[in-house]
$ cat target-v2.cif   # mmCIF, C-alpha atoms
data_entry
loop_
_atom_site.label_atom_id
_atom_site.label_comp_id
_atom_site.auth_asym_id
_atom_site.auth_seq_id
_atom_site.Cartn_x
_atom_site.Cartn_y
_atom_site.Cartn_z
CA MET A 4 59.00 87.63 195.40
CA CYS A 5 59.12 88.44 191.69
CA ARG A 6 60.78 85.09 191.04
CA ASP A 7 57.97 83.25 192.86
CA ILE A 8 55.33 85.10 190.85
CA ARG A 9 57.17 84.29 187.61
CA GLU A 10 57.43 80.58 188.52
CA LYS A 11 53.74 80.43 189.39
CA GLU A 12 52.88 82.06 186.07
CA LEU A 13 55.02 79.53 184.21
CA GLU A 14 53.33 76.68 186.09
CA ARG A 15 49.93 78.10 185.17
CA MET A 16 50.96 78.32 181.51
CA ASP A 17 52.30 74.75 181.64
CA GLU A 18 49.03 73.49 183.09
CA GLU A 19 47.04 75.36 180.46
CA LEU A 20 49.16 73.89 177.66
CA GLU A 21 48.81 70.39 179.10
CA LYS A 22 45.05 70.86 179.27
CA ARG A 23 44.86 71.95 175.63
CA ILE A 24 47.04 69.02 174.50
CA ARG A 25 44.88 66.59 176.48
CA GLU A 26 41.75 68.06 174.93
CA ALA A 27 43.10 67.81 171.37
CA ILE A 28 44.35 64.24 171.87
CA GLU A 29 41.10 63.01 173.38
CA GLY A 30 38.94 64.25 170.50
CA GLY A 31 38.30 67.87 171.40
CA ALA A 32 38.87 70.78 169.03
CA ASN A 33 41.22 73.68 169.74
CA ASP A 34 44.18 75.49 168.17
CA LEU A 35 46.45 72.45 168.66
CA THR A 36 44.14 69.99 166.87
CA PRO A 37 45.79 70.35 163.42
CA SER A 38 49.25 69.80 164.91
CA ILE A 39 48.06 66.77 166.89
CA ASP A 40 46.47 65.33 163.75
CA MET A 41 49.76 65.65 161.85
CA LEU A 42 51.68 64.21 164.81
CA ASN A 43 49.22 61.32 164.87
CA SER A 44 50.08 60.40 161.29
CA LEU A 45 53.82 60.41 162.03
CA ILE A 46 53.64 58.44 165.29
CA ALA A 47 51.28 55.86 163.78
CA LYS A 48 54.14 54.62 161.62
CA SER A 49 56.17 53.55 164.65
CA TRP A 50 53.29 52.67 166.99
CA GLY A 51 51.41 50.46 164.59
CA ASP A 52 47.69 50.88 164.20
CA GLN A 53 46.98 52.60 167.51
CA PRO A 54 45.86 56.19 166.82
CA LEU A 55 47.09 59.14 168.82
CA THR A 56 43.79 61.01 168.72
CA ASN A 57 40.70 59.78 170.58
CA SER A 58 42.96 57.95 173.05
CA SER A 59 43.28 58.85 176.70
CA PHE A 60 46.27 60.93 177.77
CA GLU A 61 47.42 58.13 180.11
CA GLU A 62 47.22 55.50 177.34
CA ILE A 63 49.54 57.54 175.15
CA TYR A 64 51.99 58.08 178.01
CA LYS A 65 52.05 54.33 178.69
CA LYS A 66 52.58 53.58 175.01
CA ALA A 67 55.39 56.12 174.73
CA ALA A 68 57.11 54.71 177.82
CA SER A 69 57.06 51.18 176.36
CA THR A 70 58.77 52.17 173.10
CA ASN A 71 62.41 52.85 172.37
CA VAL A 72 61.65 56.55 172.10
CA LYS A 73 63.57 58.40 174.80
CA ILE A 74 61.36 60.89 176.68
CA PHE A 75 61.62 62.94 179.82
CA ARG A 76 60.79 61.14 183.04
CA ASN A 77 58.25 63.72 184.14
CA LYS A 78 54.86 64.24 182.51
CA ALA A 79 54.30 62.98 178.98
CA TRP A 80 53.11 66.39 177.85
CA TYR A 81 56.74 67.57 177.65
CA PHE A 82 57.29 65.05 174.87
CA LEU A 83 54.03 65.90 173.17
CA ALA A 84 54.46 69.65 173.41
CA ALA A 85 58.00 69.47 172.07
CA ALA A 86 56.85 67.19 169.27
CA VAL A 87 54.03 69.53 168.34
CA ILE A 88 56.39 72.51 168.26
CA LEU A 89 59.31 70.81 166.51
CA ILE A 90 57.64 68.32 164.19
CA THR A 91 54.88 70.54 162.83
CA PRO A 92 57.22 72.70 160.70
CA LEU A 93 58.96 69.55 159.45
CA LEU A 94 55.65 67.96 158.58
CA PHE A 95 54.60 71.12 156.78
CA LEU A 96 57.80 71.05 154.73
CA PHE A 97 57.30 67.35 154.03
CA ARG A 98 53.75 67.93 152.89
CA SER A 99 54.86 70.99 150.94
CA GLY A 100 57.41 69.04 148.99
CA LYS A 101 55.30 65.94 148.38
CA ALA A 102 51.59 66.03 149.12
CA PHE A 103 50.90 69.48 147.70
CA LYS A 104 53.22 69.09 144.75
CA GLN A 105 52.33 65.53 143.82
CA THR A 106 50.60 65.56 140.46
CA PRO A 107 49.46 62.67 138.27
CA ALA A 108 52.11 61.89 135.67
CA ASP A 109 49.57 62.27 132.87
CA SER A 110 48.19 65.60 134.11
CA SER A 111 47.93 68.11 131.29
CA ILE A 112 47.02 71.14 133.42
CA LEU A 113 49.93 73.54 133.26
CA VAL A 114 50.50 76.86 135.01
CA VAL A 115 51.48 79.01 132.04
CA GLN A 116 51.77 82.47 133.55
CA ILE A 117 51.41 84.21 136.91
CA ASN A 118 51.00 87.96 137.14
CA GLY A 119 51.30 88.71 140.85
CA LYS A 120 51.01 85.85 143.36
CA GLY A 121 49.40 82.43 143.01
CA TYR A 122 49.07 79.71 145.65
CA LEU A 123 48.53 75.97 145.77
CA SER A 124 46.85 73.96 148.52
CA ALA A 125 45.29 70.56 149.04
CA THR A 126 41.49 70.27 149.12
CA GLY A 127 40.29 70.97 152.66
CA SER A 128 43.65 72.32 153.86
CA ASN A 129 44.45 75.86 154.96
CA ASP A 130 48.17 75.42 154.27
CA ARG A 131 49.26 77.17 151.07
CA LEU A 132 52.40 77.14 148.96
CA ALA A 133 53.60 79.68 146.44
CA LEU A 134 52.77 78.54 142.91
CA ASN A 135 55.35 78.79 140.13
CA GLU A 136 55.09 79.09 136.37
CA GLY A 137 55.72 75.80 134.58
CA GLU A 138 54.22 73.62 137.33
CA ASN A 139 51.63 70.93 136.61
CA VAL A 140 48.59 70.66 138.86
CA GLY A 141 46.14 67.81 139.27
CA LYS A 142 43.24 66.22 141.08
CA GLY A 143 42.53 67.44 144.60
CA GLN A 144 44.58 70.63 144.34
CA VAL A 145 43.24 74.15 144.80
CA LEU A 146 44.71 77.17 143.03
CA SER A 147 44.24 80.63 144.54
CA THR A 148 45.11 84.10 143.33
CA ASP A 149 46.05 87.04 145.49
CA ARG A 150 44.60 90.52 145.21
CA ASN A 151 45.64 92.16 141.91
CA SER A 152 46.96 88.82 140.65
CA ILE A 153 46.05 86.78 137.54
CA LEU A 154 46.81 83.13 136.81
CA SER A 155 46.81 81.54 133.35
CA LEU A 156 46.31 77.77 132.92
CA SER A 157 46.63 75.49 129.93
CA VAL A 158 44.03 72.76 130.48
CA ALA A 159 44.82 70.80 127.31
CA LYS A 160 45.95 71.51 123.78
CA GLY A 161 43.97 74.55 122.65
CA GLU A 162 42.15 75.03 125.96
CA ALA A 163 42.94 77.73 128.50
CA ILE A 164 41.55 79.21 131.72
CA LEU A 165 42.36 82.60 133.21
CA LEU A 166 41.80 83.10 136.95
CA ASP A 167 41.07 86.66 138.02
CA PRO A 168 42.20 88.20 141.35
CA GLU A 169 40.96 86.65 144.62
CA THR A 170 39.78 83.43 143.00
CA ASP A 171 39.76 79.91 144.46
CA PHE A 172 39.69 77.18 141.79
CA GLU A 173 39.82 73.43 142.46
CA VAL A 174 40.85 70.63 140.12
CA VAL A 175 38.22 67.95 140.81
CA ASP A 176 39.39 65.64 138.02
CA GLY A 177 42.03 66.87 135.60
CA GLN A 178 41.62 64.01 133.13
CA LYS A 179 37.85 64.45 132.89
CA LYS A 180 38.29 68.23 132.91
CA THR A 181 36.02 68.75 135.90
CA PHE A 182 36.69 71.78 138.10
CA ARG A 183 35.08 73.64 141.00
CA LEU A 184 34.95 77.42 141.29
CA HIS A 185 34.67 78.17 145.00
CA SER A 186 34.81 81.94 144.62
CA GLY A 187 36.03 84.63 142.26
CA LYS A 188 35.99 84.76 138.47
CA LEU A 189 37.41 82.83 135.53
CA LEU A 190 37.55 83.19 131.77
CA ALA A 191 37.60 79.99 129.71
CA HIS A 192 38.58 79.48 126.08
CA ILE A 193 37.71 75.96 124.97
CA HIS A 194 38.19 74.58 121.47
CA LYS A 195 35.19 73.38 119.51
CA ASN A 196 35.47 69.59 119.46
CA LEU A 197 34.24 68.89 122.98
CA LYS A 198 31.28 66.78 123.95
CA LYS A 199 29.33 68.52 126.69
CA GLU A 200 30.47 66.04 129.34
CA ASP A 201 34.13 66.72 128.52
CA PHE A 202 34.38 70.02 130.40
CA LYS A 203 32.48 70.92 133.57
CA ILE A 204 32.74 73.68 136.13
CA LEU A 205 30.98 73.04 139.44
CA THR A 206 29.84 75.93 141.63
CA PRO A 207 27.89 76.10 144.91
CA ASN A 208 24.76 76.85 142.85
CA GLY A 209 25.02 74.50 139.90
CA ILE A 210 27.02 73.03 137.03
CA VAL A 211 28.34 74.65 133.87
CA GLU A 212 28.74 72.22 130.95
CA VAL A 213 30.67 73.45 127.97
CA ARG A 214 31.03 72.90 124.26
CA GLY A 215 33.67 74.82 122.36
CA THR A 216 33.28 78.40 123.45
CA LYS A 217 34.48 81.52 125.21
CA PHE A 218 32.70 82.25 128.47
CA SER A 219 33.16 83.65 131.96
CA VAL A 220 31.97 82.34 135.32
CA THR A 221 31.76 84.47 138.46
CA GLU A 222 30.98 83.06 141.91
CA SER A 223 30.23 85.06 145.06
CA ALA A 224 28.38 84.34 148.29
CA GLU A 225 26.28 87.45 147.82
CA PHE A 226 25.15 87.09 144.18
CA GLY A 227 25.60 83.38 143.44
CA THR A 228 26.85 82.08 140.10
CA GLN A 229 26.89 84.18 136.93
CA VAL A 230 27.74 82.77 133.50
CA SER A 231 28.29 85.02 130.45
CA VAL A 232 28.89 83.66 126.94
CA LEU A 233 30.93 85.41 124.26
CA GLU A 234 31.13 82.58 121.71
CA GLY A 235 29.73 79.06 121.41
CA ARG A 236 27.21 77.41 123.73
CA VAL A 237 27.11 76.74 127.46
CA ALA A 238 24.61 74.68 129.45
CA ALA A 239 23.89 75.83 133.02
CA ILE A 240 22.23 73.39 135.42
CA ARG A 241 21.00 74.36 138.86
CA GLY A 242 22.26 72.34 141.78
CA SER A 243 18.82 72.22 143.43
CA GLU A 244 17.08 68.84 143.47
CA GLU A 245 13.74 70.57 142.83
CA ASP A 246 14.92 72.17 139.59
CA LYS A 247 17.50 70.28 137.56
CA GLY A 248 16.49 71.90 134.27
CA GLU A 249 19.24 72.68 131.76
CA GLN A 250 19.47 76.23 130.44
CA VAL A 251 21.44 76.50 127.18
CA LEU A 252 23.08 79.87 126.61
CA GLU A 253 23.98 81.32 123.22
CA PRO A 254 26.53 84.08 122.50
CA GLY A 255 25.63 87.38 124.14
CA GLN A 256 23.52 85.74 126.86
CA ARG A 257 23.95 85.58 130.62
CA ILE A 258 22.42 83.57 133.43
CA ARG A 259 22.46 83.99 137.21
CA LEU A 260 22.01 80.96 139.47
CA ASN A 261 21.35 81.11 143.20
CA SER A 262 19.29 79.42 145.89
CA LYS A 263 16.12 81.15 144.68
CA GLY A 264 16.36 80.02 141.06
CA PHE A 265 17.82 81.41 137.86
CA GLN A 266 17.52 84.57 135.82
CA ARG A 267 18.42 84.78 132.12
CA SER A 268 19.17 87.98 130.26
CA PHE A 269 21.03 89.43 127.28
CA LEU A 270 24.30 91.25 127.69
CA THR A 271 24.06 94.92 126.79
CA SER A 272 26.28 96.18 123.97
CA SER A 273 28.65 97.74 126.50
CA GLU A 274 28.78 94.51 128.56
CA LEU A 275 29.45 92.48 125.42
CA THR A 276 32.24 94.85 124.44
CA GLU A 277 33.72 94.64 127.94
CA LEU A 278 33.60 90.82 127.87
CA SER A 279 35.24 90.77 124.46
CA GLU A 280 38.02 93.04 125.73
CA GLU A 281 38.56 90.75 128.72
CA PHE A 282 39.23 87.87 126.34
CA THR A 283 42.06 89.76 124.67
CA ARG A 284 44.04 88.59 127.72
CA LEU A 285 43.57 85.00 126.46
CA LYS A 286 45.28 85.16 123.10
CA VAL A 287 44.49 82.15 120.92
CA GLU A 288 47.95 82.07 119.36
CA GLU A 289 49.53 81.85 122.84
CA ILE A 290 47.43 78.89 123.99
CA PRO A 291 49.53 75.70 123.68
CA ARG A 292 48.12 73.52 120.89
CA ASP A 293 49.14 70.68 118.59
CA THR A 294 49.27 72.27 115.14
CA THR A 295 50.82 69.20 113.47
CA LYS A 296 47.95 66.81 114.16
CA SER A 297 46.94 64.89 111.01
CA PHE A 298 44.23 62.48 109.84
CA SER A 299 44.22 59.75 107.22
CA THR A 300 40.71 60.30 105.85
CA LYS A 301 37.81 62.74 105.97
CA ASP A 302 35.79 60.14 107.87
CA GLU A 303 38.48 59.99 110.55
CA LEU A 304 38.46 63.78 110.86
CA PHE A 305 34.66 63.82 111.05
CA LYS A 306 34.66 61.13 113.73
CA GLU A 307 37.02 63.22 115.85
CA TYR A 308 35.10 66.51 115.59
CA GLN A 309 31.59 65.39 114.59
CA ARG A 310 31.44 67.91 111.75
CA PHE A 311 33.15 68.80 108.49
CA GLU A 312 33.28 72.26 106.88
CA ARG A 313 34.31 74.02 103.70
CA VAL A 314 35.83 77.50 103.92
CA VAL A 315 35.32 79.54 100.75
CA LEU A 316 37.87 82.33 100.30
CA THR A 317 37.44 85.66 98.55
CA ASP A 318 39.68 84.49 95.69
CA LYS A 319 37.10 81.69 95.04
CA THR A 320 39.39 78.91 96.27
CA SER A 321 38.24 76.71 99.12
CA LEU A 322 39.67 74.66 101.98
CA GLU A 323 38.08 71.71 103.77
CA GLY A 324 38.38 70.64 107.38
CA VAL A 325 37.06 71.71 110.78
CA ILE A 326 37.19 75.21 112.26
CA ILE A 327 38.49 74.46 115.73
CA ASP A 328 39.07 78.02 116.89
CA MET A 329 38.91 81.68 115.94
CA ASP A 330 39.79 85.12 117.19
CA GLY A 331 39.39 88.64 115.86
CA ASP A 332 41.97 88.12 113.11
CA PHE A 333 42.06 84.44 112.16
CA LEU A 334 40.13 81.20 111.72
CA TYR A 335 42.04 78.08 112.80
CA LEU A 336 41.20 75.20 110.45
CA GLN A 337 42.14 71.58 111.12
CA THR A 338 42.75 69.93 107.74
CA LEU A 339 43.76 66.35 107.01
CA GLN A 340 47.43 67.32 107.07
CA LYS A 341 47.71 69.92 109.84
CA GLU A 342 46.15 72.99 111.45
CA ILE A 343 46.30 76.15 109.35
CA ARG A 344 45.54 79.79 110.14
CA ILE A 345 43.28 81.73 107.76
CA PRO A 346 42.89 85.53 107.91
CA ARG A 347 39.23 86.30 108.60
CA ASP A 348 39.09 89.10 106.06
CA SER A 349 39.97 86.56 103.34
CA VAL A 350 36.96 84.34 104.15
CA GLN A 351 33.85 84.74 102.01
CA GLU A 352 31.70 82.04 103.63
CA VAL A 353 31.77 78.82 105.64
CA ILE A 354 29.67 75.86 104.46
CA GLN A 355 28.67 73.00 106.76
CA VAL A 356 29.38 69.88 104.66
CA ARG A 357 28.58 67.26 107.32
#
$ encode --input "target-v2.cif" --output "structure tokens"
Amino acid sequence: MCRDIREKELERMDEELEKRIREAIEGGANDLTPSIDMLNSLIAKSWGDQPLTNSSFEEIYKKAASTNVKIFRNKAWYFLAAAVILITPLLFLFRSGKAFKQTPADSSILVVQINGKGYLSATGSNDRLALNEGENVGKGQVLSTDRNSILSLSVAKGEAILLDPETDFEVVDGQKKTFRLHSGKLLAHIHKNLKKEDFKILTPNGIVEVRGTKFSVTESAEFGTQVSVLEGRVAAIRGSEEDKGEQVLEPGQRIRLNSKGFQRSFLTSSELTELSEEFTRLKVEEIPRDTTKSFSTKDELFKEYQRFERVVLTDKTSLEGVIIDMDGDFLYLQTLQKEIRIPRDSVQEVIQVR
């Protein structure tokens, strides 16, 4: 009696599984759809251009029977179910080792440090891999941080991004330095020789275009996009077709963007202090940079940075070049020969020569 009940229950489960496989194969959506999609890609290599999905169950059975693939003589769903169960983990490992980890050879985006746990996934995929320090990431990859975790990225020489906990950050185009902040918060430290189109952060509510600066961007479904500027200038552009106006932010300013519009304000003294303290986590001297870069002439240096400055020191001597960065203790000056570090308390004034 018990055995009969058990066999009937197994038959019922078999029929239910067959039904779900049929549904997924013939274009429906259920919990087996992702596995069927992956199986489709694998089988397509041996079956030519006939897709697995959006075909009838009987067509697939007939196709399987005509190949050299050995299957059970009963219903085709035995083959399919076994393939779904056995191949899916292998496909995941295959994708883990290649698709997720494939990065353009010339990618300059480097995972410098992970405090806690960081993850990597492909755009549009729910599959995630643990991220490791020293890895390069590139176009189409999404970086995520766990709760109480922080991720530090080197975008290029002298440029760094810090991802706060529970942040999802996508590399849209690593070479053009275009990124998308899906949710969470980031701090960015960008050197001062960028044209505004050289660094962009896309959000659900707009675009943040950057010239050399220190700024933060926060994105949440509840409050929208918030941009706060510590140093330099940032342009915020709403994503709405009705209002594409550019709002340029100066140091100490903030803007909120959402579906209703934008709201500009000044950071309070306590907020400015808090933002400044946050940036102590992004130490300029620890950001990878090329300090040996040299130029043949002043015109060549000016062409690269679009400005030329003279730094007058307290001892009445002066140095010429371009201030490409600064922190609380030093100015970083690119001269014709190399980059040098000047203590801020030794600087009397900075003169814009060109």
$ atom_distance --input "target-v2.cif" --atom1 "CA of Asp328 in chain A" --atom2 "CA of Glu162 in chain A"
10.0 Å
$ residues_around --input "target-v2.cif" --residues "Ser152 in chain A" --least-positions-apart "5" --cutoff "9 Å" --atoms "only C-alpha atoms" --output "list in words"
Ile117, Asn118, Gly119, Lys120, Gly121, Leu166, Asp167, Pro168 and Glu169 of chain A
$ residues_around --input "target-v2.cif" --residues "range 251-255 of chain A" --least-positions-apart "2" --cutoff "7 Å" --atoms "all atoms listed in the file" --output "PyMOL selection string"
chain A and resi 232-239+249+257+269-270+275
$ resolve_selection --input "target-v2.cif" --expression "the PyMOL selection byres ((chain A and resi 282) around 12)" --output "JSON, numbers by chain"
{"A": [163, 164, 165, 166, 167, 189, 190, 191, 192, 216, 217, 218, 219, 232, 233, 234, 275, 276, 277, 278, 279, 280, 281, 283, 284, 285, 286, 287, 330, 331]}
$ atom_distance --input "target-v2.cif" --atom1 "CA of Ile258 in chain A" --atom2 "CA of Glu173 in chain A"
22.1 Å
$ closest_residue --input "target-v2.cif" --among "A:Thr271, A:Asn208, A:Gln309, A:Gln116" --to "Glu289 in chain A" --atoms "all atoms listed in the file"
A:Gln116
$ residues_around --input "target-v2.cif" --residues "Leu146 in chain A" --least-positions-apart "3" --cutoff "8 Å" --atoms "all atoms listed in the file" --output "PDB file with C-alpha atoms, keeping the file's coordinate frame"
ATOM      1  CA  GLY A 121      49.400  82.430 143.010  1.00  0.00           C
ATOM      2  CA  TYR A 122      49.070  79.710 145.650  1.00  0.00           C
ATOM      3  CA  LEU A 123      48.530  75.970 145.770  1.00  0.00           C
ATOM      4  CA  SER A 124      46.850  73.960 148.520  1.00  0.00           C
ATOM      5  CA  THR A 170      39.780  83.430 143.000  1.00  0.00           C
ATOM      6  CA  ASP A 171      39.760  79.910 144.460  1.00  0.00           C
ATOM      7  CA  PHE A 172      39.690  77.180 141.790  1.00  0.00           C
ATOM      8  CA  GLU A 173      39.820  73.430 142.460  1.00  0.00           C
TER       9      GLU A 173
END
$ closest_residue --input "target-v2.cif" --among "A:Asn129, A:Gln229, A:Thr338, A:Thr294" --to "Glu307 in chain A" --atoms "all atoms listed in the file"
A:Thr338
$ residues_around --input "target-v2.cif" --residues "Leu334 in chain A" --least-positions-apart "2" --cutoff "7 Å" --atoms "all atoms listed in the file" --output "ChimeraX atom specification"
/A:326,328-330,336,344-347
$ residues_around --input "target-v2.cif" --residues "range 311-323 of chain A" --least-positions-apart "3" --cutoff "9 Å" --atoms "all atoms listed in the file" --output "number ranges by chain"
A: 301, 304-305, 308, 326, 336-339, 348-357
$ atom_distance --input "target-v2.cif" --atom1 "CA of Thr148 in chain A" --atom2 "CA of Thr206 in chain A"
17.4 Å
$ residues_near_point --input "target-v2.cif" --point "(45.2, 61.1, 113.5)" --cutoff "10 Å" --atoms "only C-alpha atoms" --output "list in words"
Thr295, Lys296, Ser297, Phe298, Ser299, Thr300, Glu303, Leu304, Glu307, Leu339, Gln340 and Lys341 of chain A
$ closest_residue --input "target-v2.cif" --among "A:Asn139, A:Ser128, A:Glu225, A:Ile327" --to "Ile193 in chain A" --atoms "only C-alpha atoms"
A:Ile327
$ closest_residue --input "target-v2.cif" --among "A:Ile290, A:Leu205, A:Val114, A:Leu156" --to "Glu138 in chain A" --atoms "only C-alpha atoms"
A:Val114
$ residues_near_point --input "target-v2.cif" --point "(29.6, 84.6, 142.7)" --cutoff "7 Å" --atoms "only C-alpha atoms" --output "list in words"
Ser186, Gly187, Thr221, Glu222, Ser223, Ala224, Glu225, Phe226, Gly227, Thr228 and Gln229 of chain A
